[in-house]
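Participant: Got target.pdb for you, PDB, C-alpha atoms:
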```pdb
ATOM      1  CA  MET A  75     -11.388  -0.325 -18.083
ATOM      2  CA  GLU A  76     -13.594  -3.245 -17.161
ATOM      3  CA  TYR A  77     -13.796  -4.465 -13.557
ATOM      4  CA  THR A  78     -14.896  -7.728 -12.032
ATOM      5  CA  HIS A  79     -15.100  -9.335  -8.617
ATOM      6  CA  LEU A  80     -12.034 -11.297  -7.553
ATOM      7  CA  GLY A  81     -13.347 -14.814  -7.108
ATOM      8  CA  ARG A  82     -16.309 -14.944  -4.771
ATOM      9  CA  SER A  83     -15.130 -11.884  -2.852
ATOM     10  CA  GLY A  84     -16.720  -8.456  -2.986
ATOM     11  CA  LEU A  85     -13.424  -6.937  -4.122
ATOM     12  CA  LYS A  86     -13.561  -5.295  -7.555
ATOM     13  CA  VAL A  87     -10.411  -5.484  -9.648
ATOM     14  CA  SER A  88      -9.440  -4.461 -13.172
ATOM     15  CA  ARG A  89      -9.477  -7.121 -15.901
ATOM     16  CA  LEU A  90      -5.798  -6.382 -16.531
ATOM     17  CA  VAL A  91      -3.305  -6.909 -13.714
ATOM     18  CA  LEU A  92      -0.085  -4.900 -13.612
ATOM     19  CA  GLY A  93       2.843  -7.243 -13.008
ATOM     20  CA  THR A  94       5.917  -5.583 -11.518
ATOM     21  CA  MET A  95       8.622  -8.245 -11.761
ATOM     22  CA  ASN A  96      10.687  -6.089 -14.133
ATOM     23  CA  PHE A  97      10.760  -3.111 -11.766
ATOM     24  CA  GLY A  98      14.365  -2.829 -10.614
ATOM     25  CA  PRO A  99      16.112  -5.515 -12.688
ATOM     26  CA  GLN A 100      14.879  -4.355 -16.109
ATOM     27  CA  THR A 101      13.058  -1.073 -15.470
ATOM     28  CA  SER A 102      14.493   1.905 -13.603
ATOM     29  CA  ARG A 103      12.820   3.432 -10.576
ATOM     30  CA  ASP A 104      11.675   6.500 -12.524
ATOM     31  CA  ASP A 105      10.363   4.452 -15.441
ATOM     32  CA  SER A 106       8.579   2.148 -12.988
ATOM     33  CA  PHE A 107       6.904   5.192 -11.439
ATOM     34  CA  GLU A 108       5.784   6.334 -14.892
ATOM     35  CA  ILE A 109       4.338   2.908 -15.695
ATOM     36  CA  MET A 110       2.397   2.733 -12.421
ATOM     37  CA  ASP A 111       1.000   6.244 -12.888
ATOM     38  CA  ALA A 112      -0.006   5.389 -16.450
ATOM     39  CA  ALA A 113      -1.658   2.177 -15.244
ATOM     40  CA  HIS A 114      -3.798   4.176 -12.818
ATOM     41  CA  ASP A 115      -4.622   6.653 -15.568
ATOM     42  CA  ALA A 116      -5.870   3.713 -17.671
ATOM     43  CA  GLY A 117      -7.978   2.394 -14.794
ATOM     44  CA  ILE A 118      -5.778  -0.534 -13.766
ATOM     45  CA  ASN A 119      -6.163  -0.858 -10.007
ATOM     46  CA  TYR A 120      -4.756  -4.368  -9.455
ATOM     47  CA  PHE A 121      -0.952  -4.456  -8.943
ATOM     48  CA  ASP A 122       0.918  -7.712  -8.357
ATOM     49  CA  THR A 123       4.390  -8.198  -6.897
ATOM     50  CA  ALA A 124       6.377 -10.597  -4.679
ATOM     51  CA  ASN A 125       8.922 -10.308  -1.896
ATOM     52  CA  VAL A 126      11.590 -12.128  -3.934
ATOM     53  CA  TYR A 127      11.332  -9.854  -6.980
ATOM     54  CA  GLY A 128      14.506  -7.940  -7.660
ATOM     55  CA  GLN A 129      16.849 -10.633  -8.999
ATOM     56  CA  HIS A 130      20.423  -9.344  -9.346
ATOM     57  CA  THR A 131      19.485  -5.975  -7.823
ATOM     58  CA  GLY A 132      18.511  -7.748  -4.609
ATOM     59  CA  LYS A 133      15.418  -9.524  -3.373
ATOM     60  CA  GLY A 134      12.881  -6.997  -2.146
ATOM     61  CA  THR A 135      13.944  -4.302  -4.605
ATOM     62  CA  THR A 136      10.656  -4.355  -6.498
ATOM     63  CA  GLU A 137       8.555  -4.012  -3.357
ATOM     64  CA  SER A 138      10.758  -1.109  -2.267
ATOM     65  CA  ILE A 139      10.194   0.711  -5.582
ATOM     66  CA  ILE A 140       6.443   0.298  -5.204
ATOM     67  CA  GLY A 141       6.682   1.560  -1.619
ATOM     68  CA  GLU A 142       8.540   4.675  -2.744
ATOM     69  CA  TRP A 143       5.843   5.256  -5.358
ATOM     70  CA  PHE A 144       3.123   4.919  -2.711
ATOM     71  CA  ALA A 145       5.015   7.374  -0.481
ATOM     72  CA  GLN A 146       4.412  10.138  -3.020
ATOM     73  CA  GLY A 147       0.821  10.155  -1.841
ATOM     74  CA  ASP A 148      -1.953  11.662  -3.967
ATOM     75  CA  GLY A 149      -4.139   8.596  -3.435
ATOM     76  CA  ARG A 150      -1.724   6.134  -5.026
ATOM     77  CA  ARG A 151      -2.055   3.522  -2.280
ATOM     78  CA  GLU A 152      -5.777   4.082  -1.818
ATOM     79  CA  ARG A 153      -6.486   3.498  -5.518
ATOM     80  CA  THR A 154      -4.402   0.305  -5.649
ATOM     81  CA  VAL A 155      -5.480  -3.246  -4.909
ATOM     82  CA  LEU A 156      -2.078  -4.496  -3.784
ATOM     83  CA  ALA A 157      -1.067  -8.143  -4.049
ATOM     84  CA  THR A 158       2.283  -9.558  -2.992
ATOM     85  CA  LYS A 159       3.611 -13.053  -2.363
ATOM     86  CA  LEU A 160       5.766 -15.063   0.001
ATOM     87  CA  TYR A 161       7.393 -18.508  -0.174
ATOM     88  CA  GLY A 162      10.840 -18.120  -1.725
ATOM     89  CA  ASP A 163      13.879 -17.881   0.542
ATOM     90  CA  MET A 164      14.762 -14.316   1.488
ATOM     91  CA  GLY A 165      17.879 -15.349   3.401
ATOM     92  CA  ASP A 166      20.122 -18.289   4.253
ATOM     93  CA  TRP A 167      18.603 -19.323   7.596
ATOM     94  CA  PRO A 168      16.213 -22.292   7.907
ATOM     95  CA  ASN A 169      13.017 -20.249   8.431
ATOM     96  CA  ASP A 170      13.633 -17.548   5.823
ATOM     97  CA  GLY A 171      11.191 -19.079   3.346
ATOM     98  CA  ARG A 172       8.162 -21.329   2.866
ATOM     99  CA  LEU A 173       4.850 -21.060   4.728
ATOM    100  CA  SER A 174       5.564 -21.733   8.387
ATOM    101  CA  ALA A 175       3.716 -19.479  10.824
ATOM    102  CA  LEU A 176       7.076 -17.945  11.712
ATOM    103  CA  ASN A 177       7.950 -17.036   8.138
ATOM    104  CA  ILE A 178       4.443 -15.773   7.383
ATOM    105  CA  ARG A 179       4.765 -13.346  10.299
ATOM    106  CA  ARG A 180       8.299 -12.224   9.456
ATOM    107  CA  ALA A 181       7.850 -12.054   5.685
ATOM    108  CA  LEU A 182       4.613 -10.117   6.009
ATOM    109  CA  ASP A 183       6.133  -7.509   8.311
ATOM    110  CA  ALA A 184       9.141  -7.142   6.004
ATOM    111  CA  SER A 185       6.914  -6.669   2.937
ATOM    112  CA  LEU A 186       4.799  -4.085   4.735
ATOM    113  CA  LYS A 187       7.951  -2.134   5.590
ATOM    114  CA  ARG A 188       9.309  -2.230   2.041
ATOM    115  CA  LEU A 189       5.926  -1.373   0.551
ATOM    116  CA  GLN A 190       5.457   1.507   3.025
ATOM    117  CA  THR A 191       1.891   0.496   3.789
ATOM    118  CA  ASP A 192       0.070  -0.857   6.815
ATOM    119  CA  TYR A 193      -1.888  -3.555   4.991
ATOM    120  CA  ILE A 194      -1.800  -5.788   1.916
ATOM    121  CA  ASP A 195      -5.009  -6.466   0.046
ATOM    122  CA  ILE A 196      -4.140  -9.957  -1.220
ATOM    123  CA  TYR A 197      -1.355 -11.926   0.450
ATOM    124  CA  GLN A 198      -0.434 -14.846  -1.783
ATOM    125  CA  PHE A 199       1.381 -18.136  -1.364
ATOM    126  CA  HIS A 200       3.889 -18.170  -4.252
ATOM    127  CA  HIS A 201       3.960 -21.983  -4.233
ATOM    128  CA  VAL A 202       2.417 -24.848  -2.314
ATOM    129  CA  ASP A 203       4.312 -25.854   0.851
ATOM    130  CA  ARG A 204       3.983 -29.603   1.204
ATOM    131  CA  ASP A 205       5.751 -29.624   4.582
ATOM    132  CA  THR A 206       3.502 -27.213   6.488
ATOM    133  CA  PRO A 207      -0.024 -28.258   7.546
ATOM    134  CA  TRP A 208      -2.964 -26.119   6.517
ATOM    135  CA  ASP A 209      -3.993 -25.650  10.138
ATOM    136  CA  GLU A 210      -0.729 -23.794  10.739
ATOM    137  CA  ILE A 211      -0.959 -21.767   7.540
ATOM    138  CA  TRP A 212      -4.560 -20.696   8.051
ATOM    139  CA  GLN A 213      -4.030 -19.904  11.732
ATOM    140  CA  ALA A 214      -1.187 -17.566  10.795
ATOM    141  CA  MET A 215      -3.309 -15.930   8.083
ATOM    142  CA  GLU A 216      -6.283 -15.559  10.424
ATOM    143  CA  THR A 217      -4.003 -13.749  12.865
ATOM    144  CA  ALA A 218      -2.772 -11.427  10.100
ATOM    145  CA  VAL A 219      -6.361 -10.647   9.085
ATOM    146  CA  ALA A 220      -7.324  -9.987  12.712
ATOM    147  CA  GLN A 221      -4.353  -7.623  13.031
ATOM    148  CA  GLY A 222      -5.513  -5.744   9.928
ATOM    149  CA  LYS A 223      -2.296  -6.531   8.059
ATOM    150  CA  ILE A 224      -3.959  -8.434   5.210
ATOM    151  CA  LEU A 225      -7.484  -8.580   3.815
ATOM    152  CA  TYR A 226      -7.521 -11.631   1.539
ATOM    153  CA  ALA A 227      -5.440 -14.741   0.823
ATOM    154  CA  GLY A 228      -4.388 -16.004  -2.590
ATOM    155  CA  SER A 229      -2.252 -18.740  -4.087
ATOM    156  CA  SER A 230       0.050 -19.244  -7.045
ATOM    157  CA  ASN A 231       1.207 -22.369  -8.863
ATOM    158  CA  PHE A 232      -1.252 -24.610  -7.027
ATOM    159  CA  ALA A 233      -2.643 -27.824  -8.489
ATOM    160  CA  GLY A 234      -6.395 -28.290  -8.541
ATOM    161  CA  TRP A 235      -6.352 -30.605  -5.535
ATOM    162  CA  HIS A 236      -4.238 -28.098  -3.594
ATOM    163  CA  ILE A 237      -6.943 -25.473  -4.132
ATOM    164  CA  ALA A 238      -9.674 -27.898  -3.109
ATOM    165  CA  THR A 239      -7.785 -28.968   0.023
ATOM    166  CA  ALA A 240      -6.955 -25.395   1.027
ATOM    167  CA  GLN A 241     -10.590 -24.366   0.707
ATOM    168  CA  ALA A 242     -11.885 -27.400   2.600
ATOM    169  CA  GLU A 243      -9.508 -26.681   5.481
ATOM    170  CA  ALA A 244     -10.456 -23.008   5.489
ATOM    171  CA  ARG A 245     -14.174 -23.812   5.588
ATOM    172  CA  ARG A 246     -13.572 -26.130   8.514
ATOM    173  CA  ARG A 247     -12.138 -23.129  10.376
ATOM    174  CA  ASN A 248     -14.935 -20.776   9.199
ATOM    175  CA  PHE A 249     -12.293 -18.802   7.295
ATOM    176  CA  LEU A 250     -12.750 -17.301   3.838
ATOM    177  CA  GLY A 251      -9.693 -19.080   2.420
ATOM    178  CA  LEU A 252      -8.374 -18.354  -1.055
ATOM    179  CA  VAL A 253      -9.917 -15.749  -3.355
ATOM    180  CA  SER A 254      -7.367 -16.031  -6.177
ATOM    181  CA  GLU A 255      -4.964 -18.427  -7.867
ATOM    182  CA  GLN A 256      -2.141 -17.363 -10.198
ATOM    183  CA  SER A 257      -1.309 -19.967 -12.818
ATOM    184  CA  ILE A 258       0.635 -19.992 -16.037
ATOM    185  CA  TYR A 259      -2.021 -19.898 -18.734
ATOM    186  CA  ASN A 260      -1.759 -18.928 -22.363
ATOM    187  CA  LEU A 261      -2.536 -20.317 -25.814
ATOM    188  CA  LEU A 262       0.612 -22.468 -25.718
ATOM    189  CA  THR A 263       0.226 -23.658 -22.113
ATOM    190  CA  ARG A 264      -3.324 -24.797 -21.400
ATOM    191  CA  GLN A 265      -2.883 -27.598 -18.849
ATOM    192  CA  VAL A 266      -4.776 -25.629 -16.184
ATOM    193  CA  GLU A 267      -7.937 -26.403 -18.142
ATOM    194  CA  LEU A 268      -7.681 -30.000 -16.903
ATOM    195  CA  GLU A 269      -8.140 -29.436 -13.169
ATOM    196  CA  VAL A 270      -6.980 -26.002 -11.926
ATOM    197  CA  LEU A 271      -9.693 -23.986 -13.676
ATOM    198  CA  PRO A 272     -12.523 -26.376 -12.682
ATOM    199  CA  ALA A 273     -11.276 -26.476  -9.072
ATOM    200  CA  ALA A 274     -10.999 -22.691  -8.931
ATOM    201  CA  GLN A 275     -14.465 -22.145 -10.364
ATOM    202  CA  ALA A 276     -16.024 -24.733  -8.026
ATOM    203  CA  ASN A 277     -14.393 -23.063  -5.010
ATOM    204  CA  GLY A 278     -15.031 -19.434  -5.921
ATOM    205  CA  VAL A 279     -11.388 -18.653  -6.687
ATOM    206  CA  GLY A 280     -10.521 -16.140  -9.411
ATOM    207  CA  VAL A 281      -7.727 -17.214 -11.764
ATOM    208  CA  ILE A 282      -4.969 -14.754 -12.662
ATOM    209  CA  ALA A 283      -2.991 -15.821 -15.738
ATOM    210  CA  TRP A 284       0.750 -15.248 -15.634
ATOM    211  CA  SER A 285       3.016 -15.381 -18.690
ATOM    212  CA  PRO A 286       0.085 -14.588 -21.023
ATOM    213  CA  LEU A 287       2.450 -14.181 -24.000
ATOM    214  CA  HIS A 288       4.613 -17.173 -23.009
ATOM    215  CA  GLY A 289       7.760 -15.101 -22.683
ATOM    216  CA  GLY A 290       7.007 -13.172 -25.857
ATOM    217  CA  LEU A 291       6.490 -16.209 -28.099
ATOM    218  CA  LEU A 292       2.865 -15.146 -28.631
ATOM    219  CA  GLY A 293       3.796 -11.531 -29.269
ATOM    220  CA  GLY A 294       4.832 -11.786 -32.917
ATOM    221  CA  VAL A 295       8.188 -13.445 -32.359
ATOM    222  CA  VAL A 296       8.545 -14.926 -35.860
ATOM    223  CA  ARG A 297       7.942 -11.577 -37.514
ATOM    224  CA  LYS A 298      10.369  -9.896 -35.124
ATOM    225  CA  GLN A 299      12.999 -12.532 -35.886
ATOM    226  CA  ASN A 300      12.550 -12.030 -39.616
ATOM    227  CA  GLU A 301      12.940  -8.275 -39.125
ATOM    228  CA  GLY A 302      16.082  -8.781 -37.026
ATOM    229  CA  LYS A 303      14.417  -7.333 -33.905
ATOM    230  CA  ARG A 304      14.447 -10.470 -31.761
ATOM    231  CA  ARG A 305      16.941 -13.227 -31.109
ATOM    232  CA  LEU A 306      16.053 -16.243 -29.007
ATOM    233  CA  GLU A 307      18.329 -18.545 -27.053
ATOM    234  CA  GLY A 308      17.980 -21.468 -24.685
ATOM    235  CA  ARG A 309      14.518 -22.649 -23.677
ATOM    236  CA  ALA A 310      12.714 -19.941 -25.660
ATOM    237  CA  ALA A 311      14.471 -20.988 -28.861
ATOM    238  CA  GLU A 312      13.678 -24.648 -28.173
ATOM    239  CA  THR A 313      10.005 -23.871 -27.561
ATOM    240  CA  LEU A 314       9.781 -21.844 -30.762
ATOM    241  CA  ALA A 315      11.391 -24.641 -32.752
ATOM    242  CA  LYS A 316       8.902 -27.138 -31.313
ATOM    243  CA  HIS A 317       5.840 -24.976 -32.019
ATOM    244  CA  ARG A 318       7.025 -22.949 -35.004
ATOM    245  CA  ASP A 319       4.324 -24.137 -37.402
ATOM    246  CA  ALA A 320       1.564 -23.273 -34.936
ATOM    247  CA  ILE A 321       3.073 -19.900 -34.063
ATOM    248  CA  GLU A 322       3.477 -18.996 -37.728
ATOM    249  CA  ALA A 323      -0.177 -19.939 -38.345
ATOM    250  CA  TYR A 324      -1.169 -17.877 -35.324
ATOM    251  CA  GLU A 325       0.672 -14.790 -36.522
ATOM    252  CA  ALA A 326      -0.881 -15.161 -39.966
ATOM    253  CA  PHE A 327      -4.333 -15.396 -38.362
ATOM    254  CA  ALA A 328      -3.643 -12.247 -36.327
ATOM    255  CA  ASP A 329      -2.829 -10.480 -39.596
ATOM    256  CA  GLU A 330      -6.158 -11.687 -41.022
ATOM    257  CA  LEU A 331      -7.961 -10.204 -38.036
ATOM    258  CA  GLY A 332      -5.999  -6.963 -38.307
ATOM    259  CA  ASN A 333      -4.635  -7.204 -34.775
ATOM    260  CA  GLU A 334      -1.236  -7.617 -33.188
ATOM    261  CA  PRO A 335      -0.528 -11.199 -32.031
ATOM    262  CA  GLY A 336      -0.016 -10.085 -28.422
ATOM    263  CA  ASP A 337      -3.419  -8.375 -28.422
ATOM    264  CA  ILE A 338      -5.047 -11.605 -29.582
ATOM    265  CA  ALA A 339      -3.334 -13.610 -26.828
ATOM    266  CA  LEU A 340      -4.561 -11.250 -24.107
ATOM    267  CA  ALA A 341      -8.058 -10.941 -25.567
ATOM    268  CA  TRP A 342      -8.296 -14.745 -25.680
ATOM    269  CA  LEU A 343      -7.493 -14.972 -21.963
ATOM    270  CA  LEU A 344     -10.072 -12.285 -21.194
ATOM    271  CA  SER A 345     -12.657 -14.503 -22.901
ATOM    272  CA  ARG A 346     -11.867 -17.590 -20.803
ATOM    273  CA  PRO A 347     -14.444 -18.652 -18.179
ATOM    274  CA  GLY A 348     -13.090 -18.367 -14.653
ATOM    275  CA  VAL A 349     -10.221 -16.036 -15.594
ATOM    276  CA  THR A 350     -10.222 -12.733 -13.729
ATOM    277  CA  GLY A 351      -7.508 -11.335 -15.956
ATOM    278  CA  PRO A 352      -3.985 -11.754 -17.279
ATOM    279  CA  ILE A 353      -0.892 -10.237 -15.682
ATOM    280  CA  ILE A 354       0.918  -7.871 -18.016
ATOM    281  CA  GLY A 355       4.521  -7.247 -16.969
ATOM    282  CA  PRO A 356       5.742  -4.264 -18.978
ATOM    283  CA  ARG A 357       9.374  -3.213 -19.046
ATOM    284  CA  THR A 358       8.446   0.068 -20.732
ATOM    285  CA  ARG A 359       5.529   2.469 -20.994
ATOM    286  CA  GLU A 360       5.068   1.371 -24.609
ATOM    287  CA  GLN A 361       4.601  -2.235 -23.530
ATOM    288  CA  LEU A 362       1.989  -1.129 -21.001
ATOM    289  CA  ASP A 363       0.095   0.741 -23.713
ATOM    290  CA  ALA A 364       0.240  -2.345 -25.926
ATOM    291  CA  GLY A 365      -1.276  -4.484 -23.176
ATOM    292  CA  ILE A 366      -4.102  -2.034 -22.589
ATOM    293  CA  ARG A 367      -4.879  -2.074 -26.309
ATOM    294  CA  ALA A 368      -6.065  -5.684 -25.989
ATOM    295  CA  LEU A 369      -9.170  -4.504 -24.128
ATOM    296  CA  ASP A 370     -10.513  -3.210 -27.439
ATOM    297  CA  VAL A 371     -10.169  -6.595 -29.181
ATOM    298  CA  THR A 372     -13.268  -8.788 -29.446
ATOM    299  CA  LEU A 373     -12.968 -12.385 -30.601
ATOM    300  CA  ASP A 374     -16.097 -13.959 -32.075
ATOM    301  CA  ASP A 375     -16.933 -17.668 -31.945
ATOM    302  CA  ALA A 376     -15.261 -18.302 -35.284
ATOM    303  CA  ALA A 377     -12.033 -16.660 -34.149
ATOM    304  CA  LEU A 378     -12.040 -18.597 -30.891
ATOM    305  CA  ALA A 379     -12.603 -21.836 -32.790
ATOM    306  CA  ARG A 380      -9.695 -21.067 -35.110
ATOM    307  CA  LEU A 381      -7.400 -20.425 -32.135
ATOM    308  CA  ASP A 382      -8.427 -23.791 -30.691
ATOM    309  CA  GLU A 383      -7.446 -25.387 -34.001
ATOM    310  CA  ILE A 384      -4.015 -23.766 -33.916
ATOM    311  CA  PHE A 385      -3.436 -24.368 -30.199
ATOM    312  CA  PRO A 386      -5.604 -27.305 -29.063
ATOM    313  CA  GLY A 387      -6.707 -27.073 -25.452
ATOM    314  CA  HIS A 388      -8.079 -29.491 -22.869
ATOM    315  CA  LYS A 389     -11.448 -30.591 -21.633
ATOM    316  CA  PRO A 390     -11.817 -30.793 -17.844
ATOM    317  CA  ALA A 391     -10.515 -34.045 -16.352
ATOM    318  CA  PRO A 392     -11.408 -36.874 -16.677
ATOM    319  CA  GLU A 393     -13.263 -36.285 -19.964
ATOM    320  CA  ASP A 394     -10.023 -35.043 -21.540
ATOM    321  CA  TYR A 395      -8.550 -38.536 -21.398
ATOM    322  CA  ALA A 396     -11.404 -40.845 -20.428
ATOM    323  CA  TRP A 397     -15.169 -41.092 -20.831
TER     324      TRP A 397
END
```
So that I can check it, write out the structure of this file as structure tokens.

Facilitator:
Amino acid sequence: MEYTHLGRSGLKVSRLVLGTMNFGPQTSRDDSFEIMDAAHDAGINYFDTANVYGQHTGKGTTESIIGEWFAQGDGRRERTVLATKLYGDMGDWPNDGRLSALNIRRALDASLKRLQTDYIDIYQFHHVDRDTPWDEIWQAMETAVAQGKILYAGSSNFAGWHIATAQAEARRRNFLGLVSEQSIYNLLTRQVELEVLPAAQANGVGVIAWSPLHGGLLGGVVRKQNEGKRRLEGRAAETLAKHRDAIEAYEAFADELGNEPGDIALAWLLSRPGVTGPIIGPRTREQLDAGIRALDVTLDDAALARLDEIFPGHKPAPEDYAW
């Protein structure tokens, strides 16, 4: 396993991030335990979750499963860089969501209880809150750091100017601010190259890529459809129809390289400047093993250029659309 610093912090994290959103809704408690143990065995130390994860099994379910896994001991918590998120509504009352100081305090304490730990390594804003001033947000986070309940702050789904503003306000308070930003980033969805990646790099924020396979569309979906192993509906089917020619060319190129399409997609993200690592969200142990396999894939300049031909990206703004 390769490790790198998370943004400008001194924290070392694995280049692959274990996403846990499937734990509970799609993956049983026992299978989730097996996946987390296997992740540690492979050297993955960075686990990502959120307070709202759980879907039809109930919000908070995923955090609770992770907490039960930690409770087994044997160094599980100590070997894990734990990241969770807040923002989404956890109840029906007015202050049960967003980033008010009140919700930060309540949501943090609730996550700590479910996770059966006394601190969270990276406490992340799941979305930008346009109605709460940064002075209030950072004051609440400073208090949590002083109490020893969190170590670092991170964001998710922020625009470039949100990152820049958050960091400017943190510097004004002599606070570290953000060390990470989670954004959707994959070969099909490259808009973060316009402003999010440049803003993150300029402000010392490590980028974590979520949906690295774009819901499986970059994982060999055409081949699986032809073999009768995959059937798409709704938005996924519409996206495949829109990009079918490119995806077919991509799968053919993966065959030329002798690699699985999903391995190529992850290896490409690992080659991107400013990207700490992609989040892999396995439902099964086999899917975890497949994600880890990407670490052995090296893409040379010619391969990277071919991928840019198939899935054109963006220059940083404004050069992408102006001089």

Participant: Kindly extract all protein, DNA and RNA residues lying within 12 Å of the coordinates (-6.1, 3.6, -16.5) given in the file, considering only C-alpha atoms, and supply them as a list in words.

Facilitator: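 Checking each residue against the 12 Å limit leaves Met75, Glu76, Tyr77, Ser88, Arg89, Leu90, Val91, Leu92, Ile109, Met110, Asp111, Ala112, Ala113, His114, Asp115, Ala116, Gly117, Ile118, Asn119, Tyr120, Arg153, Thr154, Leu362, Asp363, Gly365, Ile366, Arg367 and Leu369 of chain A.
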
Participant: Name the closest residue to Ala311 of chain A among the candidates A:Leu343, A:Val295, A:Val253, A:Ile338; distances are taken between atoms, counting all atoms listed in the file.

Facilitator: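 The answer is A:Val295, which sits nearest to Ala311 of chain A.
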
Participant: Ranking A:Asp148, A:Glu142, A:Glu269, A:Asp205 by minimum distance to Leu173 of chain A and counting all atoms listed in the file, which one comes first?

Facilitator: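 Ranked by minimum distance to Leu173 of chain A, first place goes to A:Asp205.
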
Participant: What does the structure give for the distance between atom CA of Pro356 of chain A and atom CA of Gln299 of chain A, in Å to one decimal?

Facilitator: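 Between atom CA of Pro356 of chain A and atom CA of Gln299 of chain A the gap works out to 20.2 Å.
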
Participant: Quick one: apply the PyMOL selection byres ((chain A and resi 138) around 10) to the file and drop the selected residues here as a PyMOL selection string.

Facilitator: chain A and resi 97-98+103+125+127-128+133-137+139-144+185-190

Participant: From the set A:Ala339, A:Val266, A:Ala276, A:Ala376, which residue has the shortest atom-to-atom contact distance to Gln241 of chain A, counting all atoms listed in the file?

Facilitator: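 Result for the nearest residue to Gln241 of chain A: A:Ala276.
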
Participant: Could you write out as a list in words the residues that the PyMOL selection byres ((chain A and resi 81) around 8) matches in the shown file?

Facilitator: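 Taken on the displayed file, the PyMOL selection byres ((chain A and resi 81) around 8) yields the residues His79, Leu80, Arg82, Ser83, Val253, Ser254, Gly278, Val279, Gly280, Val281 and Thr350 of chain A.
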
Participant: When distances are computed from only C-alpha atoms, which of A:Arg179, A:Arg150, A:His236, A:His200 shows the smallest separation from Asp163 of chain A?

Facilitator: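 Closest to Asp163 of chain A of all the choices is A:His200.
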
Participant: If you measure from atom CA of Glu243 of chain A to atom CA of Gln213 of chain A, what distance in Å do you get, rounded to one decimal?

Facilitator: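 Result for atom CA of Glu243 of chain A versus atom CA of Gln213 of chain A: 10.7 Å, one decimal.
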
Participant: The PyMOL selection byres ((chain A and resi 158) around 10) - which residues does that actually catch in the file I just gave you? List them as a list in words.

Facilitator: Phe121, Asp122, Thr123, Ala124, Asn125, Val126, Tyr127, Glu137, Leu156, Ala157, Lys159, Leu160, Leu182, Ser185, Leu186, Leu189, Ile194, Asp195, Ile196, Tyr197, Gln198, Phe199, His200 and Gly228 of chain A

Participant: I'd like to know which of A:Val296, A:Ala220, A:Ile282, A:Leu262 is closest to Pro386 of chain A, using only C-alpha atoms.

Facilitator: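 Of A:Val296, A:Ala220, A:Ile282, A:Leu262, the one nearest Pro386 of chain A is A:Leu262, counting only C-alpha atoms.
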
Participant: Distance cut-off 10 Å, centre (-14.7, -27.8, -21.1) in file coordinates, counting only C-alpha atoms: which residues qualify? Return them as a list in words.

Facilitator: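 Here is the list of nearby residues: Glu267, Leu268, Leu271, Pro272, Pro347, Gly387, His388, Lys389, Pro390, Ala391, Glu393 and Asp394 of chain A.
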